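Containing mmCIF, C-alpha atoms and all ligand atoms: upload02.cif.
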```cif
data_entry
loop_
_atom_site.group_PDB
_atom_site.id
_atom_site.type_symbol
_atom_site.label_atom_id
_atom_site.label_comp_id
_atom_site.auth_asym_id
_atom_site.auth_seq_id
_atom_site.Cartn_x
_atom_site.Cartn_y
_atom_site.Cartn_z
ATOM 1 C CA MET A 191 -28.042 1.040 -16.884
ATOM 2 C CA LYS A 192 -24.389 1.977 -17.177
ATOM 3 C CA ILE A 193 -22.190 3.526 -14.479
ATOM 4 C CA ILE A 194 -19.894 6.380 -15.506
ATOM 5 C CA ALA A 195 -17.137 7.642 -13.223
ATOM 6 C CA SER A 196 -14.685 10.504 -13.537
ATOM 7 C CA ASN A 197 -11.391 10.486 -11.659
ATOM 8 C CA PHE A 198 -9.958 14.005 -11.493
ATOM 9 C CA LYS A 199 -6.656 12.723 -10.028
ATOM 10 C CA THR A 200 -4.535 15.824 -9.207
ATOM 11 C CA ASN A 201 -6.516 18.200 -11.400
ATOM 12 C CA HIS A 202 -9.071 20.972 -10.821
ATOM 13 C CA THR A 203 -9.345 23.495 -8.000
ATOM 14 C CA ARG A 204 -12.183 24.036 -5.532
ATOM 15 C CA ALA A 205 -13.667 26.645 -7.867
ATOM 16 C CA THR A 206 -13.452 24.603 -11.079
ATOM 17 C CA THR A 207 -14.658 21.455 -9.307
ATOM 18 C CA ALA A 208 -17.766 23.289 -8.110
ATOM 19 C CA GLN A 209 -18.391 24.606 -11.654
ATOM 20 C CA PHE A 210 -17.870 21.125 -13.119
ATOM 21 C CA ILE A 211 -20.258 19.462 -10.672
ATOM 22 C CA HIS A 212 -22.900 22.152 -11.246
ATOM 23 C CA ARG A 213 -22.571 21.703 -15.034
ATOM 24 C CA ILE A 214 -22.889 17.893 -14.884
ATOM 25 C CA ASP A 215 -25.766 18.050 -12.415
ATOM 26 C CA LYS A 216 -27.692 20.539 -14.567
ATOM 27 C CA PHE A 217 -27.079 18.483 -17.711
ATOM 28 C CA MET A 218 -28.295 15.292 -15.993
ATOM 29 C CA ILE A 219 -31.475 17.001 -14.787
ATOM 30 C CA ASP A 220 -32.178 18.774 -18.104
ATOM 31 C CA ASP A 221 -31.535 15.636 -20.188
ATOM 32 C CA ASN A 222 -33.220 13.234 -17.777
ATOM 33 C CA ILE A 223 -30.066 11.172 -17.320
ATOM 34 C CA THR A 224 -30.803 8.244 -15.039
ATOM 35 C CA GLN A 225 -27.434 6.521 -15.231
ATOM 36 C CA THR A 226 -25.324 6.579 -12.105
ATOM 37 C CA VAL A 227 -22.451 9.045 -12.342
ATOM 38 C CA TYR A 228 -19.582 9.252 -9.859
ATOM 39 C CA LEU A 229 -17.126 12.145 -9.648
ATOM 40 C CA PHE A 230 -13.875 11.911 -7.707
ATOM 41 C CA PRO A 231 -12.409 15.406 -7.189
ATOM 42 C CA PRO A 232 -9.147 16.034 -5.331
ATOM 43 C CA SER A 233 -9.711 16.008 -1.557
ATOM 44 C CA THR A 234 -9.167 19.788 -1.233
ATOM 45 C CA ALA A 235 -12.219 20.334 -3.455
ATOM 46 C CA LEU A 236 -14.615 18.055 -1.528
ATOM 47 C CA ASP A 237 -17.646 19.872 -0.203
ATOM 48 C CA SER A 238 -21.363 19.433 0.531
ATOM 49 C CA PHE A 239 -22.568 19.527 -3.067
ATOM 50 C CA GLU A 240 -26.286 19.362 -3.705
ATOM 51 C CA THR A 241 -26.714 16.983 -6.622
ATOM 52 C CA ASN A 242 -29.458 14.953 -8.254
ATOM 53 C CA GLN A 243 -29.971 11.450 -6.866
ATOM 54 C CA ASN A 244 -27.913 9.802 -9.639
ATOM 55 C CA LEU A 245 -24.813 11.960 -9.236
ATOM 56 C CA HIS A 246 -22.458 11.007 -6.430
ATOM 57 C CA ILE A 247 -19.252 12.608 -5.203
ATOM 58 C CA GLY A 248 -16.531 10.312 -3.896
ATOM 59 C CA ALA A 249 -13.050 10.455 -2.393
ATOM 60 C CA GLN A 250 -10.006 9.403 -4.406
ATOM 61 C CA ASN A 251 -8.344 8.252 -1.206
ATOM 62 C CA CYS A 252 -8.743 8.212 2.568
ATOM 63 C CA HIS A 253 -6.708 6.595 5.338
ATOM 64 C CA TRP A 254 -8.384 3.836 7.394
ATOM 65 C CA VAL A 255 -9.012 6.085 10.380
ATOM 66 C CA LYS A 256 -11.608 8.534 11.586
ATOM 67 C CA SER A 257 -8.975 11.078 12.631
ATOM 68 C CA GLY A 258 -5.506 11.148 14.173
ATOM 69 C CA SER A 259 -1.864 11.874 13.391
ATOM 70 C CA TYR A 260 -1.360 10.885 9.764
ATOM 71 C CA THR A 261 0.288 13.879 8.141
ATOM 72 C CA GLY A 262 -0.876 14.435 4.604
ATOM 73 C CA GLU A 263 -3.803 12.024 4.880
ATOM 74 C CA ILE A 264 -7.505 12.569 5.460
ATOM 75 C CA GLY A 265 -9.791 10.344 7.565
ATOM 76 C CA THR A 266 -13.508 9.674 7.608
ATOM 77 C CA GLN A 267 -14.094 12.676 9.872
ATOM 78 C CA GLN A 268 -13.248 14.866 6.886
ATOM 79 C CA LEU A 269 -15.517 12.823 4.575
ATOM 80 C CA ASP A 270 -18.395 12.744 7.082
ATOM 81 C CA GLU A 271 -18.406 16.543 7.125
ATOM 82 C CA PHE A 272 -19.622 16.412 3.508
ATOM 83 C CA GLY A 273 -21.658 13.202 3.699
ATOM 84 C CA ILE A 274 -19.255 11.391 1.355
ATOM 85 C CA LYS A 275 -19.761 7.630 1.337
ATOM 86 C CA THR A 276 -17.956 6.588 -1.849
ATOM 87 C CA ILE A 277 -14.261 5.838 -2.264
ATOM 88 C CA LEU A 278 -11.787 4.638 -4.888
ATOM 89 C CA ILE A 279 -9.490 1.888 -3.608
ATOM 90 C CA GLY A 280 -6.618 0.088 -5.339
ATOM 91 C CA HIS A 281 -6.105 2.573 -8.190
ATOM 92 C CA SER A 282 -2.906 1.752 -10.058
ATOM 93 C CA GLU A 283 -1.393 5.160 -9.312
ATOM 94 C CA ARG A 284 -1.789 4.474 -5.599
ATOM 95 C CA ARG A 285 -0.396 0.962 -6.017
ATOM 96 C CA HIS A 286 2.515 1.727 -8.327
ATOM 97 C CA THR A 287 3.340 5.413 -7.782
ATOM 98 C CA MET A 288 2.438 5.820 -4.112
ATOM 99 C CA GLY A 289 3.560 2.298 -3.189
ATOM 100 C CA GLU A 290 0.417 0.893 -1.560
ATOM 101 C CA ASN A 291 0.750 -2.876 -1.147
ATOM 102 C CA GLN A 292 -2.038 -5.464 -1.248
ATOM 103 C CA LYS A 293 -2.030 -5.918 2.539
ATOM 104 C CA ASP A 294 -2.671 -2.207 3.095
ATOM 105 C CA ILE A 295 -5.179 -2.033 0.271
ATOM 106 C CA ALA A 296 -7.135 -4.946 1.778
ATOM 107 C CA LYS A 297 -7.024 -3.245 5.188
ATOM 108 C CA LYS A 298 -8.391 -0.066 3.627
ATOM 109 C CA PHE A 299 -11.066 -2.030 1.745
ATOM 110 C CA ASN A 300 -12.247 -3.778 4.893
ATOM 111 C CA TYR A 301 -12.290 -0.572 6.933
ATOM 112 C CA PHE A 302 -14.543 1.168 4.415
ATOM 113 C CA LYS A 303 -16.633 -1.950 3.851
ATOM 114 C CA ALA A 304 -17.393 -2.052 7.593
ATOM 115 C CA LEU A 305 -18.605 1.546 7.308
ATOM 116 C CA GLY A 306 -20.872 0.662 4.377
ATOM 117 C CA TYR A 307 -19.075 2.772 1.779
ATOM 118 C CA ARG A 308 -19.632 2.318 -1.948
ATOM 119 C CA ILE A 309 -16.182 1.106 -3.026
ATOM 120 C CA ILE A 310 -14.857 1.297 -6.576
ATOM 121 C CA TYR A 311 -12.089 -1.270 -6.367
ATOM 122 C CA CYS A 312 -9.485 -1.122 -9.153
ATOM 123 C CA VAL A 313 -7.438 -4.007 -10.499
ATOM 124 C CA GLY A 314 -5.270 -4.362 -13.579
ATOM 125 C CA GLU A 315 -1.988 -5.705 -14.863
ATOM 126 C CA PRO A 316 1.225 -3.867 -15.800
ATOM 127 C CA LEU A 317 2.622 -4.212 -19.339
ATOM 128 C CA GLU A 318 4.970 -7.033 -18.358
ATOM 129 C CA GLN A 319 2.065 -9.299 -17.377
ATOM 130 C CA LYS A 320 0.060 -8.252 -20.418
ATOM 131 C CA GLN A 321 2.957 -9.236 -22.673
ATOM 132 C CA ALA A 322 3.401 -12.533 -20.799
ATOM 133 C CA GLY A 323 -0.134 -13.586 -21.799
ATOM 134 C CA LEU A 324 -3.636 -14.112 -20.450
ATOM 135 C CA SER A 325 -2.825 -16.512 -17.622
ATOM 136 C CA SER A 326 -0.139 -14.161 -16.334
ATOM 137 C CA THR A 327 -2.612 -11.252 -16.468
ATOM 138 C CA LEU A 328 -5.316 -13.253 -14.674
ATOM 139 C CA GLY A 329 -2.845 -14.480 -12.059
ATOM 140 C CA TYR A 330 -1.769 -10.897 -11.364
ATOM 141 C CA ILE A 331 -5.378 -9.739 -10.990
ATOM 142 C CA GLN A 332 -6.139 -12.714 -8.730
ATOM 143 C CA GLU A 333 -3.437 -11.494 -6.326
ATOM 144 C CA GLN A 334 -5.157 -8.106 -6.269
ATOM 145 C CA PHE A 335 -8.236 -9.872 -4.910
ATOM 146 C CA GLY A 336 -6.259 -10.936 -1.817
ATOM 147 C CA GLY A 337 -8.203 -9.893 1.302
ATOM 148 C CA ILE A 338 -11.003 -8.370 -0.804
ATOM 149 C CA ASP A 339 -14.633 -9.449 -0.351
ATOM 150 C CA LEU A 340 -15.975 -9.829 -3.885
ATOM 151 C CA THR A 341 -19.467 -10.470 -2.482
ATOM 152 C CA TYR A 342 -19.660 -7.064 -0.767
ATOM 153 C CA ASP A 343 -22.858 -5.443 -1.999
ATOM 154 C CA GLY A 344 -21.297 -1.974 -2.018
ATOM 155 C CA LEU A 345 -18.622 -3.123 -4.455
ATOM 156 C CA ILE A 346 -18.066 -1.832 -7.981
ATOM 157 C CA LEU A 347 -15.079 -3.461 -9.648
ATOM 158 C CA ALA A 348 -12.954 -1.552 -12.179
ATOM 159 C CA TYR A 349 -10.650 -3.358 -14.581
ATOM 160 C CA GLU A 350 -7.921 -0.879 -15.471
ATOM 161 C CA PRO A 351 -4.835 -2.255 -17.218
ATOM 162 C CA VAL A 352 -1.917 -0.187 -15.897
ATOM 163 C CA TRP A 353 -0.368 0.231 -19.351
ATOM 164 C CA ALA A 354 -3.607 1.760 -20.666
ATOM 165 C CA ILE A 355 -4.042 4.378 -17.943
ATOM 166 C CA GLY A 356 -3.244 7.902 -19.097
ATOM 167 C CA THR A 357 -1.387 6.636 -22.163
ATOM 168 C CA GLY A 358 -4.052 7.190 -24.824
ATOM 169 C CA ILE A 359 -3.769 3.483 -25.698
ATOM 170 C CA SER A 360 -6.905 1.653 -24.671
ATOM 171 C CA CYS A 361 -7.101 -2.109 -24.245
ATOM 172 C CA GLY A 362 -8.394 -3.924 -27.361
ATOM 173 C CA ILE A 363 -12.100 -4.720 -27.500
ATOM 174 C CA ASP A 364 -11.530 -8.497 -27.557
ATOM 175 C CA ASP A 365 -9.138 -8.315 -24.621
ATOM 176 C CA ILE A 366 -11.587 -6.241 -22.579
ATOM 177 C CA ALA A 367 -14.317 -8.777 -23.396
ATOM 178 C CA THR A 368 -12.093 -11.689 -22.344
ATOM 179 C CA ILE A 369 -11.041 -10.194 -19.013
ATOM 180 C CA HIS A 370 -14.507 -8.920 -18.119
ATOM 181 C CA LYS A 371 -16.014 -12.342 -18.842
ATOM 182 C CA LYS A 372 -13.503 -13.909 -16.441
ATOM 183 C CA LEU A 373 -14.148 -11.236 -13.801
ATOM 184 C CA ALA A 374 -17.923 -11.647 -14.114
ATOM 185 C CA LYS A 375 -17.472 -15.288 -13.040
ATOM 186 C CA LYS A 376 -15.900 -14.091 -9.787
ATOM 187 C CA THR A 377 -18.373 -11.428 -8.722
ATOM 188 C CA THR A 378 -21.893 -10.188 -9.334
ATOM 189 C CA ALA A 379 -20.703 -6.614 -8.728
ATOM 190 C CA PRO A 380 -20.852 -4.201 -11.681
ATOM 191 C CA ILE A 381 -17.554 -4.179 -13.596
ATOM 192 C CA LEU A 382 -16.243 -0.957 -15.121
ATOM 193 C CA TYR A 383 -13.500 -0.694 -17.704
ATOM 194 C CA GLY A 384 -10.898 2.065 -17.326
ATOM 195 C CA GLY A 385 -7.821 2.996 -19.329
ATOM 196 C CA SER A 386 -7.809 5.710 -22.018
ATOM 197 C CA VAL A 387 -11.578 5.698 -22.466
ATOM 198 C CA LYS A 388 -12.542 8.775 -24.516
ATOM 199 C CA GLN A 389 -15.315 10.192 -26.646
ATOM 200 C CA ASP A 390 -14.245 8.251 -29.731
ATOM 201 C CA ASN A 391 -14.097 4.790 -28.117
ATOM 202 C CA ILE A 392 -16.712 4.925 -25.351
ATOM 203 C CA LYS A 393 -19.599 3.700 -27.516
ATOM 204 C CA GLU A 394 -17.707 0.597 -28.566
ATOM 205 C CA ILE A 395 -16.360 -0.156 -25.084
ATOM 206 C CA ILE A 396 -19.652 0.362 -23.271
ATOM 207 C CA ASN A 397 -21.370 -2.192 -25.514
ATOM 208 C CA ILE A 398 -18.946 -5.019 -24.747
ATOM 209 C CA PRO A 399 -20.671 -7.823 -22.791
ATOM 210 C CA ASN A 400 -19.974 -7.681 -19.038
ATOM 211 C CA VAL A 401 -18.855 -4.036 -19.239
ATOM 212 C CA ASP A 402 -21.199 -2.221 -16.872
ATOM 213 C CA GLY A 403 -19.647 1.196 -17.262
ATOM 214 C CA ALA A 404 -16.419 3.147 -17.429
ATOM 215 C CA LEU A 405 -13.955 4.812 -15.090
ATOM 216 C CA ILE A 406 -12.410 7.744 -16.927
ATOM 217 C CA GLY A 407 -9.456 9.970 -16.105
ATOM 218 C CA THR A 408 -7.950 12.289 -18.724
ATOM 219 C CA ALA A 409 -10.887 12.436 -21.145
ATOM 220 C CA SER A 410 -13.321 13.415 -18.391
ATOM 221 C CA TRP A 411 -11.623 16.541 -17.067
ATOM 222 C CA VAL A 412 -13.338 18.979 -19.420
ATOM 223 C CA ALA A 413 -17.018 19.132 -18.464
ATOM 224 C CA ASP A 414 -18.295 19.347 -22.069
ATOM 225 C CA ASP A 415 -16.299 16.221 -22.998
ATOM 226 C CA PHE A 416 -17.635 14.354 -19.977
ATOM 227 C CA VAL A 417 -21.179 15.430 -20.878
ATOM 228 C CA ASN A 418 -20.691 13.897 -24.343
ATOM 229 C CA ILE A 419 -19.362 10.678 -22.836
ATOM 230 C CA ILE A 420 -22.403 10.411 -20.542
ATOM 231 C CA LYS A 421 -24.690 11.100 -23.543
ATOM 232 C CA PHE A 422 -23.035 8.333 -25.566
ATOM 233 C CA CYS A 423 -23.689 5.870 -22.735
ATOM 234 C CA ASN A 424 -27.298 6.843 -22.164
HETATM 235 C C1 LIG A 501 -7.983 6.342 -14.331
HETATM 236 O O1 LIG A 501 -7.267 7.158 -13.764
HETATM 237 O O2 LIG A 501 -8.677 5.580 -13.650
HETATM 238 C C2 LIG A 501 -8.003 6.293 -15.789
HETATM 239 C C3 LIG A 501 -8.677 5.346 -16.363
HETATM 240 O O3 LIG A 501 -7.291 7.275 -16.452
HETATM 241 P P1 LIG A 501 -7.295 7.550 -18.047
HETATM 242 O O4 LIG A 501 -8.723 7.596 -18.486
HETATM 243 O O5 LIG A 501 -6.592 8.849 -18.193
HETATM 244 O O6 LIG A 501 -6.564 6.420 -18.693
#
```
Give the structure from the file, written as structure tokens.
Ligand code: PEP
Amino acid sequence: MKIIASNFKTNHTRATTAQFIHRIDKFMIDDNITQTVYLFPPSTALDSFETNQNLHIGAQNCHWVKSGSYTGEIGTQQLDEFGIKTILIGHSERRHTMGENQKDIAKKFNYFKALGYRIIYCVGEPLEQKQAGLSSTLGYIQEQFGGIDLTYDGLILAYEPVWAIGTGISCGIDDIATIHKKLAKKTTAPILYGGSVKQDNIKEIINIPNVDGALIGTASWVADDFVNIIKFCN
């Protein structure tokens, strides 16, 4: 059974998020979809959504506190209000745009692990490492495992090459297969692929050995498109 996740990033409002979730939930019930689907709306749109048991709402980010003085951040108090127990950690935009370093990412991982959260933990190499070859790519990813418990049973790993995220250029099928095979030797956690997954490549990507699902940004933001992607994976 595949896992499909949608990362809204900085898109959608409270109103359109609620419509989106309702649409996906109804589709899953009507079409008997039993795959696990995760949706990560922006934090302003989090709420107590009533969804079927296979549809989960997660947080794109949260600081490693319950509450306190961390201007611009949210803590678990704000997630507890809505019963949210799923979080994305290590996304490349948080690493490379927002400047989160591995030490902080590991601290965040361990905080949410201690609270029993489902963690989608993202790793992936920038273009420079990709161009330098496989051992450079694997070495880079290995560093992103620093301080991370790959045996945590709430872990879902996501391989997301930085150069493929939001660019429309997905990683080649053989390269995805190679990296996922290596990652599967390190963990028994499900491993998602992310990076320009869309309706016209999902079928091929989802059938690669050791690909347990997909984490999708851009191509998932229109509900009808995301419905098609879920259908293709079913
Ligand atoms: C992502 O943000 O995790 C992602 C994979 O984005 P996109 O699908 O747009 O490449």
Problem set entry | One-decimal distance in Å that lies between atom CA of Ile211 of chain A and atom CA of Asn400 of chain A |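 Atom-to-atom, atom CA of Asn400 of chain A and atom CA of Ile211 of chain A are spaced 28.4 Å apart.
Minimum atom-to-atom distance to ligand LIG 501 (chain A), evaluated using only C-alpha atoms and all ligand atoms, belongs to A:Leu229 out of A:Leu345, A:Ala296, A:Leu269, A:Leu229.
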For this session: Extract, using only C-alpha atoms, all DNA, RNA and protein residues at most 12 Å from Ile355 of chain A, discarding same-chain residues fewer than 4 positions from it, and format them as a list in words.
Result: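 The contact residues come out as Asn197, Lys199, His281, Ser282, Glu283, His286, Cys312, Val313, Gly314, Glu315, Pro316, Leu317, Tyr349, Glu350, Pro351, Ile359, Ser360, Cys361, Tyr383, Gly384, Gly385, Ser386, Val387, Lys388, Leu405, Ile406, Gly407, Thr408 and Ala409 of chain A.
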For this session: Could you give me, as a ChimeraX atom specification, the residues that have an atom at most 12 Å away from the point (-26.7, 19.7, -3.2) in the coordinates of the file, using all atoms listed in the file?
Result: /A:208,211-212,215-216,237-247,272-273
Exercise. Neighbours of Ala374 of chain A within 12 Å (all atoms listed in the file; same-chain residues fewer than 2 positions away dropped), as a PyMOL selection string?
Worked result: chain A and resi 340-341+346-349+366-372+376-382+399-402
